[in-house]
Structures are given as C-alpha cells and as structure tokens.
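Novice: Okay, so here is structure01.txt, and as you'll see once you scroll down, it has compact mmCIF, N, CA and C atoms.
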```
# COMPACT_ATOMS: atom_id res chain seq x y z
N MET H 1 -20.46 23.06 22.32
CA MET H 1 -19.52 23.79 21.49
C MET H 1 -20.08 25.17 21.19
N SER H 2 -19.24 26.19 21.27
CA SER H 2 -19.70 27.52 20.92
C SER H 2 -19.71 27.66 19.40
N GLU H 3 -20.70 28.37 18.92
CA GLU H 3 -20.89 28.51 17.48
C GLU H 3 -20.02 29.62 16.93
N ASN H 4 -19.27 29.34 15.88
CA ASN H 4 -18.45 30.31 15.17
C ASN H 4 -19.39 31.10 14.27
N PRO H 5 -19.48 32.44 14.43
CA PRO H 5 -20.42 33.22 13.61
C PRO H 5 -20.12 33.14 12.11
N VAL H 6 -18.91 32.80 11.73
CA VAL H 6 -18.55 32.69 10.32
C VAL H 6 -19.32 31.54 9.65
N ILE H 7 -19.68 30.53 10.42
CA ILE H 7 -20.41 29.38 9.87
C ILE H 7 -21.71 29.85 9.21
N GLY H 8 -22.31 30.91 9.73
CA GLY H 8 -23.53 31.46 9.15
C GLY H 8 -23.34 31.99 7.74
N ARG H 9 -22.10 32.22 7.34
CA ARG H 9 -21.81 32.68 5.98
C ARG H 9 -21.65 31.54 4.99
N ILE H 10 -21.62 30.31 5.47
CA ILE H 10 -21.46 29.14 4.60
C ILE H 10 -22.84 28.71 4.12
N ALA H 11 -23.06 28.79 2.81
CA ALA H 11 -24.35 28.39 2.25
C ALA H 11 -24.63 26.92 2.58
N ASN H 12 -25.83 26.63 2.95
CA ASN H 12 -26.29 25.26 3.30
C ASN H 12 -25.57 24.67 4.51
N ALA H 13 -25.00 25.51 5.36
CA ALA H 13 -24.38 25.00 6.60
C ALA H 13 -25.40 24.24 7.43
N SER H 14 -26.66 24.55 7.23
CA SER H 14 -27.73 23.87 7.98
C SER H 14 -27.72 22.36 7.77
N LEU H 15 -27.23 21.89 6.62
CA LEU H 15 -27.14 20.44 6.38
C LEU H 15 -26.23 19.78 7.42
N VAL H 16 -25.11 20.41 7.72
CA VAL H 16 -24.17 19.89 8.71
C VAL H 16 -24.74 20.06 10.11
N LEU H 17 -25.32 21.24 10.38
CA LEU H 17 -25.90 21.51 11.70
C LEU H 17 -27.03 20.54 12.02
N GLU H 18 -27.86 20.22 11.04
CA GLU H 18 -28.96 19.27 11.27
C GLU H 18 -28.45 17.85 11.49
N HIS H 19 -27.42 17.47 10.76
CA HIS H 19 -26.90 16.10 10.88
C HIS H 19 -26.22 15.87 12.23
N PHE H 20 -25.36 16.81 12.63
CA PHE H 20 -24.59 16.65 13.87
C PHE H 20 -25.25 17.30 15.09
N GLY H 21 -26.07 18.33 14.85
CA GLY H 21 -26.65 19.08 15.97
C GLY H 21 -25.77 20.26 16.36
N TYR H 22 -24.67 20.45 15.70
CA TYR H 22 -23.70 21.52 15.93
C TYR H 22 -22.74 21.51 14.75
N TRP H 23 -21.86 22.51 14.69
CA TRP H 23 -20.83 22.51 13.64
C TRP H 23 -19.58 21.86 14.22
N PRO H 24 -19.17 20.70 13.71
CA PRO H 24 -18.02 19.98 14.29
C PRO H 24 -16.69 20.62 13.89
N ASN H 25 -15.62 20.19 14.57
CA ASN H 25 -14.27 20.65 14.18
C ASN H 25 -13.64 19.70 13.17
N PHE H 26 -14.34 18.62 12.84
CA PHE H 26 -13.93 17.64 11.83
C PHE H 26 -12.65 16.89 12.22
N HIS H 27 -12.37 16.80 13.52
CA HIS H 27 -11.20 16.04 13.98
C HIS H 27 -11.32 14.59 13.52
N ASP H 28 -10.28 14.10 12.88
CA ASP H 28 -10.16 12.74 12.34
C ASP H 28 -11.01 12.49 11.09
N ALA H 29 -11.65 13.53 10.55
CA ALA H 29 -12.31 13.36 9.24
C ALA H 29 -11.21 13.15 8.20
N GLU H 30 -11.58 12.60 7.07
CA GLU H 30 -10.59 12.36 6.02
C GLU H 30 -11.01 13.02 4.72
N VAL H 31 -10.07 13.73 4.10
CA VAL H 31 -10.30 14.31 2.78
C VAL H 31 -10.15 13.18 1.78
N LYS H 32 -11.24 12.85 1.10
CA LYS H 32 -11.25 11.74 0.15
C LYS H 32 -11.00 12.18 -1.28
N LYS H 33 -11.38 13.44 -1.59
CA LYS H 33 -11.27 13.91 -2.96
C LYS H 33 -11.17 15.43 -2.94
N VAL H 34 -10.36 15.98 -3.87
CA VAL H 34 -10.26 17.42 -4.06
C VAL H 34 -10.35 17.69 -5.56
N THR H 35 -11.19 18.64 -5.92
CA THR H 35 -11.35 19.01 -7.33
C THR H 35 -11.11 20.50 -7.49
N PHE H 36 -10.16 20.85 -8.36
CA PHE H 36 -9.88 22.24 -8.67
C PHE H 36 -10.55 22.57 -10.00
N GLU H 37 -11.18 23.74 -10.08
CA GLU H 37 -11.82 24.16 -11.33
C GLU H 37 -11.36 25.56 -11.70
N ALA H 38 -10.89 25.72 -12.93
CA ALA H 38 -10.54 27.03 -13.45
C ALA H 38 -11.82 27.68 -13.97
N ASN H 39 -11.97 28.95 -13.73
CA ASN H 39 -13.12 29.71 -14.21
C ASN H 39 -12.57 30.90 -14.99
N PRO H 40 -12.32 30.73 -16.29
CA PRO H 40 -11.70 31.80 -17.09
C PRO H 40 -12.40 33.15 -16.87
N GLY H 41 -11.60 34.15 -16.52
CA GLY H 41 -12.12 35.47 -16.25
C GLY H 41 -12.60 35.68 -14.83
N TYR H 42 -12.61 34.61 -14.04
CA TYR H 42 -13.07 34.68 -12.66
C TYR H 42 -12.08 33.93 -11.77
N TYR H 43 -12.27 34.06 -10.47
CA TYR H 43 -11.44 33.31 -9.53
C TYR H 43 -11.80 31.82 -9.61
N PRO H 44 -10.83 30.93 -9.34
CA PRO H 44 -11.10 29.49 -9.40
C PRO H 44 -11.96 28.99 -8.24
N THR H 45 -12.31 27.72 -8.33
CA THR H 45 -13.14 27.02 -7.34
C THR H 45 -12.41 25.75 -6.91
N VAL H 46 -12.58 25.37 -5.64
CA VAL H 46 -12.05 24.09 -5.17
C VAL H 46 -13.14 23.41 -4.34
N THR H 47 -13.28 22.10 -4.54
CA THR H 47 -14.29 21.32 -3.83
C THR H 47 -13.61 20.16 -3.11
N PHE H 48 -13.95 19.99 -1.84
CA PHE H 48 -13.42 18.91 -1.02
C PHE H 48 -14.55 17.93 -0.71
N VAL H 49 -14.26 16.64 -0.72
CA VAL H 49 -15.18 15.62 -0.24
C VAL H 49 -14.56 15.05 1.03
N LEU H 50 -15.29 15.19 2.13
CA LEU H 50 -14.81 14.75 3.44
C LEU H 50 -15.61 13.57 3.95
N ALA H 51 -14.95 12.56 4.47
CA ALA H 51 -15.60 11.48 5.21
C ALA H 51 -15.53 11.90 6.67
N ALA H 52 -16.69 12.20 7.25
CA ALA H 52 -16.72 12.76 8.61
C ALA H 52 -17.59 11.90 9.52
N PHE H 53 -17.45 12.12 10.83
CA PHE H 53 -18.23 11.39 11.83
C PHE H 53 -18.11 12.12 13.15
N GLU H 54 -18.89 11.68 14.10
CA GLU H 54 -18.82 12.21 15.46
C GLU H 54 -18.15 11.16 16.34
N THR H 55 -17.22 11.59 17.16
CA THR H 55 -16.62 10.70 18.15
C THR H 55 -17.41 10.89 19.44
N THR H 56 -17.94 9.81 19.97
CA THR H 56 -18.77 9.88 21.17
C THR H 56 -17.91 9.76 22.42
N ALA H 57 -18.52 9.96 23.57
CA ALA H 57 -17.82 9.83 24.85
C ALA H 57 -17.74 8.38 25.31
N SER H 58 -18.54 7.50 24.71
CA SER H 58 -18.53 6.10 25.14
C SER H 58 -17.41 5.33 24.44
N THR H 59 -16.96 4.28 25.11
CA THR H 59 -15.88 3.46 24.57
C THR H 59 -16.35 2.02 24.40
N ASP H 60 -15.64 1.32 23.53
CA ASP H 60 -15.95 -0.09 23.34
C ASP H 60 -15.11 -0.92 24.32
N GLU H 61 -15.19 -2.24 24.17
CA GLU H 61 -14.48 -3.13 25.09
C GLU H 61 -12.97 -3.01 25.01
N ARG H 62 -12.45 -2.45 23.91
CA ARG H 62 -11.00 -2.26 23.76
C ARG H 62 -10.55 -0.89 24.25
N GLY H 63 -11.52 -0.04 24.64
CA GLY H 63 -11.18 1.30 25.13
C GLY H 63 -11.17 2.37 24.05
N TYR H 64 -11.57 2.03 22.82
CA TYR H 64 -11.64 3.01 21.74
C TYR H 64 -12.94 3.79 21.82
N PHE H 65 -12.87 5.08 21.54
CA PHE H 65 -14.08 5.88 21.49
C PHE H 65 -14.94 5.44 20.31
N ARG H 66 -16.23 5.32 20.55
CA ARG H 66 -17.16 4.94 19.49
C ARG H 66 -17.41 6.13 18.57
N GLN H 67 -17.75 5.81 17.33
CA GLN H 67 -18.05 6.83 16.33
C GLN H 67 -19.52 6.70 15.93
N ALA H 68 -20.11 7.84 15.55
CA ALA H 68 -21.51 7.87 15.13
C ALA H 68 -21.68 8.94 14.05
N LYS H 69 -22.84 8.99 13.45
CA LYS H 69 -23.21 10.02 12.48
C LYS H 69 -22.24 10.11 11.30
N HIS H 70 -21.81 8.96 10.80
CA HIS H 70 -20.91 8.93 9.64
C HIS H 70 -21.60 9.56 8.43
N CYS H 71 -20.83 10.33 7.67
CA CYS H 71 -21.39 10.96 6.48
C CYS H 71 -20.27 11.36 5.53
N GLU H 72 -20.68 11.73 4.34
CA GLU H 72 -19.76 12.27 3.35
C GLU H 72 -20.26 13.68 3.04
N ILE H 73 -19.37 14.67 3.18
CA ILE H 73 -19.72 16.07 2.99
C ILE H 73 -18.94 16.61 1.80
N GLU H 74 -19.65 17.27 0.90
CA GLU H 74 -19.01 17.95 -0.22
C GLU H 74 -19.04 19.44 0.10
N LEU H 75 -17.85 20.04 0.20
CA LEU H 75 -17.68 21.44 0.61
C LEU H 75 -16.97 22.19 -0.50
N ARG H 76 -17.62 23.23 -1.05
CA ARG H 76 -17.06 23.97 -2.19
C ARG H 76 -16.72 25.40 -1.79
N PHE H 77 -15.55 25.84 -2.24
CA PHE H 77 -15.11 27.21 -2.05
C PHE H 77 -15.07 27.87 -3.42
N THR H 78 -15.71 29.02 -3.55
CA THR H 78 -15.74 29.75 -4.81
C THR H 78 -15.06 31.10 -4.64
N GLY H 79 -14.59 31.62 -5.75
CA GLY H 79 -13.90 32.90 -5.70
C GLY H 79 -12.60 32.80 -4.92
N ILE H 80 -11.79 31.78 -5.23
CA ILE H 80 -10.53 31.55 -4.52
C ILE H 80 -9.55 32.67 -4.84
N LYS H 81 -9.16 33.40 -3.81
CA LYS H 81 -8.17 34.48 -3.97
C LYS H 81 -6.78 34.03 -3.57
N GLU H 82 -6.72 33.04 -2.69
CA GLU H 82 -5.43 32.49 -2.24
C GLU H 82 -5.66 31.06 -1.82
N ILE H 83 -4.71 30.20 -2.15
CA ILE H 83 -4.77 28.82 -1.67
C ILE H 83 -3.35 28.29 -1.50
N ASP H 84 -3.11 27.74 -0.33
CA ASP H 84 -1.89 26.99 -0.05
C ASP H 84 -2.33 25.56 0.14
N PHE H 85 -1.73 24.64 -0.60
CA PHE H 85 -2.17 23.26 -0.65
C PHE H 85 -0.92 22.40 -0.64
N ASP H 86 -0.75 21.57 0.40
CA ASP H 86 0.48 20.81 0.51
C ASP H 86 0.23 19.45 1.16
N GLY H 87 0.90 18.45 0.64
CA GLY H 87 0.94 17.15 1.30
C GLY H 87 -0.17 16.18 0.99
N PHE H 88 -0.98 16.44 -0.05
CA PHE H 88 -2.06 15.50 -0.37
C PHE H 88 -1.45 14.14 -0.70
N GLY H 89 -1.94 13.11 -0.04
CA GLY H 89 -1.38 11.78 -0.23
C GLY H 89 -2.45 10.70 -0.23
N HIS H 90 -2.02 9.48 0.00
CA HIS H 90 -2.95 8.35 -0.02
C HIS H 90 -3.92 8.38 1.16
N GLN H 91 -3.56 9.10 2.23
CA GLN H 91 -4.45 9.28 3.37
C GLN H 91 -4.31 10.73 3.83
N ASN H 92 -5.44 11.40 4.09
CA ASN H 92 -5.45 12.82 4.42
C ASN H 92 -6.40 13.06 5.58
N VAL H 93 -5.90 12.83 6.79
CA VAL H 93 -6.72 12.93 7.99
C VAL H 93 -6.57 14.33 8.58
N ILE H 94 -7.71 14.91 8.93
CA ILE H 94 -7.75 16.28 9.44
C ILE H 94 -7.62 16.30 10.95
N PHE H 95 -6.80 17.22 11.45
CA PHE H 95 -6.78 17.50 12.88
C PHE H 95 -7.94 18.45 13.20
N SER H 96 -8.09 19.49 12.35
CA SER H 96 -9.22 20.42 12.50
C SER H 96 -9.44 21.20 11.22
N LEU H 97 -10.64 21.72 11.08
CA LEU H 97 -11.05 22.55 9.96
C LEU H 97 -11.63 23.83 10.57
N LYS H 98 -10.93 24.96 10.37
CA LYS H 98 -11.32 26.20 11.03
C LYS H 98 -11.68 27.27 10.00
N PHE H 99 -12.77 27.98 10.28
CA PHE H 99 -13.22 29.07 9.43
C PHE H 99 -13.06 30.40 10.15
N ASP H 100 -12.73 31.43 9.37
CA ASP H 100 -12.59 32.77 9.90
C ASP H 100 -12.91 33.75 8.79
N GLU H 101 -12.82 35.03 9.10
CA GLU H 101 -13.06 36.07 8.10
C GLU H 101 -11.79 36.87 7.87
N GLN H 102 -11.62 37.31 6.64
CA GLN H 102 -10.53 38.20 6.28
C GLN H 102 -11.15 39.27 5.40
N HIS H 103 -11.45 40.40 6.01
CA HIS H 103 -12.19 41.47 5.33
C HIS H 103 -13.53 40.90 4.88
N ALA H 104 -13.88 40.99 3.60
CA ALA H 104 -15.16 40.47 3.12
C ALA H 104 -15.10 38.98 2.76
N ASP H 105 -13.91 38.40 2.82
CA ASP H 105 -13.73 37.00 2.41
C ASP H 105 -13.76 36.05 3.60
N LEU H 106 -13.91 34.76 3.28
CA LEU H 106 -13.81 33.68 4.27
C LEU H 106 -12.42 33.06 4.18
N THR H 107 -11.91 32.61 5.30
CA THR H 107 -10.69 31.81 5.28
C THR H 107 -11.03 30.44 5.87
N CYS H 108 -10.32 29.44 5.38
CA CYS H 108 -10.47 28.09 5.91
C CYS H 108 -9.07 27.51 6.08
N THR H 109 -8.79 27.06 7.28
CA THR H 109 -7.52 26.41 7.57
C THR H 109 -7.80 24.94 7.84
N LEU H 110 -7.18 24.10 7.05
CA LEU H 110 -7.31 22.66 7.21
C LEU H 110 -5.98 22.18 7.79
N ASP H 111 -5.99 21.91 9.11
CA ASP H 111 -4.79 21.42 9.79
C ASP H 111 -4.76 19.90 9.69
N SER H 112 -3.64 19.39 9.26
CA SER H 112 -3.51 17.98 8.99
C SER H 112 -2.99 17.20 10.19
N ALA H 113 -3.55 16.02 10.37
CA ALA H 113 -2.95 15.03 11.26
C ALA H 113 -2.03 14.14 10.41
N VAL H 114 -2.49 13.83 9.19
CA VAL H 114 -1.73 13.04 8.21
C VAL H 114 -2.10 13.57 6.82
N GLY H 115 -1.12 13.88 6.01
CA GLY H 115 -1.39 14.27 4.63
C GLY H 115 -1.64 15.75 4.44
N LEU H 116 -2.76 16.08 3.84
CA LEU H 116 -3.07 17.41 3.33
C LEU H 116 -3.13 18.49 4.39
N ASP H 117 -2.40 19.58 4.15
CA ASP H 117 -2.54 20.85 4.85
C ASP H 117 -3.03 21.84 3.82
N ALA H 118 -3.98 22.70 4.18
CA ALA H 118 -4.47 23.68 3.22
C ALA H 118 -4.91 24.95 3.94
N PHE H 119 -4.76 26.06 3.24
CA PHE H 119 -5.28 27.36 3.69
C PHE H 119 -5.92 28.01 2.48
N ILE H 120 -7.15 28.48 2.64
CA ILE H 120 -7.92 29.03 1.53
C ILE H 120 -8.47 30.39 1.92
N VAL H 121 -8.39 31.33 1.01
CA VAL H 121 -9.11 32.61 1.12
C VAL H 121 -10.07 32.62 -0.06
N ALA H 122 -11.36 32.69 0.23
CA ALA H 122 -12.39 32.60 -0.82
C ALA H 122 -13.49 33.62 -0.58
N GLN H 123 -14.18 33.95 -1.65
CA GLN H 123 -15.32 34.86 -1.53
C GLN H 123 -16.50 34.18 -0.86
N ALA H 124 -16.64 32.86 -1.07
CA ALA H 124 -17.79 32.16 -0.51
C ALA H 124 -17.48 30.68 -0.31
N ALA H 125 -18.26 30.05 0.56
CA ALA H 125 -18.18 28.60 0.78
C ALA H 125 -19.60 28.05 0.82
N GLU H 126 -19.72 26.78 0.44
CA GLU H 126 -21.04 26.15 0.37
C GLU H 126 -20.92 24.67 0.70
N VAL H 127 -21.85 24.18 1.52
CA VAL H 127 -22.00 22.74 1.70
C VAL H 127 -22.87 22.29 0.53
N VAL H 128 -22.27 21.60 -0.44
CA VAL H 128 -22.97 21.16 -1.64
C VAL H 128 -23.90 20.01 -1.29
N SER H 129 -23.40 19.08 -0.47
CA SER H 129 -24.22 17.94 -0.08
C SER H 129 -23.68 17.32 1.20
N LEU H 130 -24.56 16.60 1.88
CA LEU H 130 -24.18 15.77 3.02
C LEU H 130 -24.97 14.49 2.87
N LEU H 131 -24.22 13.39 2.71
CA LEU H 131 -24.85 12.08 2.55
C LEU H 131 -24.49 11.19 3.72
N PRO H 132 -25.47 10.89 4.59
CA PRO H 132 -25.19 9.94 5.67
C PRO H 132 -24.81 8.60 5.05
N ASN H 133 -23.86 7.90 5.65
CA ASN H 133 -23.59 6.56 5.15
C ASN H 133 -23.99 5.55 6.19
N LYS H 134 -24.03 4.30 5.79
CA LYS H 134 -24.63 3.26 6.61
C LYS H 134 -23.63 2.58 7.55
N MET H 135 -22.46 3.19 7.75
CA MET H 135 -21.51 2.58 8.69
C MET H 135 -22.15 2.55 10.06
N SER H 136 -22.02 1.45 10.74
CA SER H 136 -22.54 1.36 12.09
C SER H 136 -21.56 2.05 13.03
N ASP H 137 -22.03 2.39 14.22
CA ASP H 137 -21.14 2.97 15.20
C ASP H 137 -20.02 1.97 15.45
N HIS H 138 -18.80 2.44 15.34
CA HIS H 138 -17.67 1.53 15.54
C HIS H 138 -16.47 2.31 16.04
N ALA H 139 -15.53 1.58 16.51
CA ALA H 139 -14.27 2.18 16.96
C ALA H 139 -13.29 2.16 15.81
N PRO H 140 -12.32 3.06 15.82
CA PRO H 140 -11.30 3.01 14.77
C PRO H 140 -10.52 1.71 14.83
N SER H 141 -10.00 1.31 13.70
CA SER H 141 -9.22 0.07 13.68
C SER H 141 -7.90 0.28 14.39
N ALA H 142 -7.40 -0.77 14.97
CA ALA H 142 -6.16 -0.68 15.76
C ALA H 142 -4.95 -0.62 14.86
```
Take the structure I supplied and represent it as structure tokens, if you would.
Specialist:
Amino acid sequence: MSENPVIGRIANASLVLEHFGYWPNFHDAEVKKVTFEANPGYYPTVTFVLAAFETTASTDERGYFRQAKHCEIELRFTGIKEIDFDGFGHQNVIFSLKFDEQHADLTCTLDSAVGLDAFIVAQAAEVVSLLPNKMSDHAPSA
C-alpha cells in the first residue's frame, strides 16, 4: 500500500503503523462508540472507537477470508471546524476511512458500508490508543 503523506500529521499514527505494518483503509472495521465534546471558547472534539482488523489473503474451509491483527483503536479529532454525521445505528461498518488536507486542516471521510457516514474538517487528529484484542484469526460469520 502506498503511504498517504497526511498520515504523518496524525499524532501517534505510529501505533497503527506498528500494529499493522502499514496504514490500513479500515475496510469492514466497525465504529463502536462516538463521543462529542464541547470546548467552550474553542472548537469541539470528537472521538471514535473502532474495532479494526486485517483481512488476509488466505481463506478458510468455507471460502471466507481470514482476519488477523484484531484491535480497538481510539481516534480523536480536535479543533472541529466542520462535521457531517449521519446514519449512526446499531451497526456501523466502514467501507473506508480516508484522510486528506484542506489548507492547514485535516479532513477525514468515513464511507459507510452500513450505518454511519461522516466527514470531518479538524485542526488535528490523534491515535489516542490501540489495544490488540485476543480474538483469534477467524472468518466473518455467515
């Protein structure tokens, strides 16, 4: 995968890079939690908790791609100048999570496969934490 230079602007991006070996597109990750914070006198903050994993090239006996490197990532955006947030529901599966620049700010587009669609313009982004979980490599449920 080619590296998006904007990823270098995300504080602690190295946590994700070390876990996966690259910056993933987060296809099929799930948004588990979203927290909005008002900052009186300043721009607001939003934090996402993502359940993420790597889909491998190998398949199981049913033909499903195996998953590996399961983790939970907390991703915070500060200095929110614009946010479009739509469709948050009981399940929020990501098609992709894309970062770009807009002048001095970062943009993040969360394209939904199911549930939440979001677009954010923020002054900064930070990987707050990455916690590997103990799920074994497995295929998605049928």
Novice: Considering only strand (DSSP E) as DSSP defines it on the backbone, what residues of range 13-108 of chain H qualify? List them as a ChimeraX atom specification.
Specialist: /H:30-37,45-59,65-86,93-102,105-108
Novice: Identify, on the basis of all atoms listed in the file, every residue whose closest approach to Asn12 in chain H does not exceed 7 Å; exclude the query and any residue fewer than 5 positions from it along the same chain; express the result as a list in words.
Specialist: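 Contacts, in chain order: Leu17, Ala125, Glu126, Val127 and Val128 of chain H.
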Novice: Could you go through chain H and tell me which residues DSSP, when run on the backbone, assigns to alpha helix (DSSP H), listing them as JSON, numbers by chain?
Specialist: {"H": [13, 14, 15, 16, 17, 18, 19, 20]}
Novice: So which residues touch His27 in chain H within 7 Å, counting only N, CA and C atoms, skipping near sequence neighbours fewer than 2 positions away, as a PyMOL selection string?
Specialist: chain H and resi 24-25+29-30+93-97
Novice: Using N, CA and C atoms, can you export the residues from the last selection as a CSV table (one decimal), in the coordinates of the input?
Specialist:
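Listing of selection_27.csv after writing:
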```csv
chain,number,residue,atom,x,y,z
H,24,PRO,N,-19.2,20.7,13.7
H,24,PRO,CA,-18.0,20.0,14.3
H,24,PRO,C,-16.7,20.6,13.9
H,25,ASN,N,-15.6,20.2,14.6
H,25,ASN,CA,-14.3,20.6,14.2
H,25,ASN,C,-13.6,19.7,13.2
H,29,ALA,N,-11.6,13.5,10.6
H,29,ALA,CA,-12.3,13.4,9.2
H,29,ALA,C,-11.2,13.2,8.2
H,30,GLU,N,-11.6,12.6,7.1
H,30,GLU,CA,-10.6,12.4,6.0
H,30,GLU,C,-11.0,13.0,4.7
H,93,VAL,N,-5.9,12.8,6.8
H,93,VAL,CA,-6.7,12.9,8.0
H,93,VAL,C,-6.6,14.3,8.6
H,94,ILE,N,-7.7,14.9,8.9
H,94,ILE,CA,-7.8,16.3,9.4
H,94,ILE,C,-7.6,16.3,11.0
H,95,PHE,N,-6.8,17.2,11.4
H,95,PHE,CA,-6.8,17.5,12.9
H,95,PHE,C,-7.9,18.4,13.2
H,96,SER,N,-8.1,19.5,12.4
H,96,SER,CA,-9.2,20.4,12.5
H,96,SER,C,-9.4,21.2,11.2
H,97,LEU,N,-10.6,21.7,11.1
H,97,LEU,CA,-11.0,22.6,10.0
H,97,LEU,C,-11.6,23.8,10.6
```
Novice: Would you mind listing what lies within 6 Å of range 78-82 of chain H as number ranges by chain, with only N, CA and C atoms counted and same-chain residues fewer than 4 positions away left out?
Specialist: H: 43-46, 119-125
Novice: Quote the spacing between CA of Asn39 in chain H and atom C of Asn92 in chain H in Å to one decimal place.
Specialist: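 Between CA of Asn39 in chain H and atom C of Asn92 in chain H the gap works out to 26.7 Å.
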Novice: Which distance in Å separates CA of Cys71 in chain H and CA of Ala13 in chain H, to one decimal?
Specialist: 14.4 Å
Novice: Using CA of Glu18 in chain H and CA of Gln91 in chain H as the two end points, give the distance in Å to one decimal.
Specialist: 27.6 Å
Novice: H:Phe20, H:Phe53, H:Tyr64, H:Phe77: which is nearest Asn133 in chain H, counting only C-alpha atoms?
Specialist: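 Residue with the minimum atom-to-atom distance to Asn133 in chain H: H:Phe53.
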Novice: Excluding same-chain residues fewer than 4 positions from Ala51 in chain H, what lies within 8 Å of it counting only N, CA and C atoms, as a ChimeraX atom specification?
Specialist: /H:26,28-33,70-74
Novice: May I have the protein, DNA and RNA residues with any atom at most 12 Å from the point (-32.6, 7.8, 6.7), counting only C-alpha atoms, written as JSON, numbers by chain?
Specialist: {"H": [19, 69, 71, 131, 132, 133, 134]}
Novice: Which one of H:Ala57, H:Leu110, H:Val6, H:Val49 sits closest to Ser129 in chain H if you count only C-alpha atoms?
Specialist: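 For Ser129 in chain H, the nearest of the candidates is H:Val49.
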Novice: For a quick check of understanding, using only C-alpha atoms, which of H:Thr56, H:Leu116, H:Leu50, H:Gln102 has the smallest distance to Val16 in chain H?
Specialist: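 Closest to Val16 in chain H of all the choices is H:Leu50.
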Novice: Which is closer to Phe88 in chain H than all the others in H:Leu15, H:Val114, H:Ala52, H:Ala68, using only C-alpha atoms?
Specialist: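 Of H:Leu15, H:Val114, H:Ala52, H:Ala68, the one nearest Phe88 in chain H, counting only C-alpha atoms, is H:Val114.
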Novice: Using only C-alpha atoms for the distances, tell me which of H:Leu130, H:Gly89, H:Thr107, H:Ala118 is nearest to Arg9 in chain H.
Specialist: H:Thr107
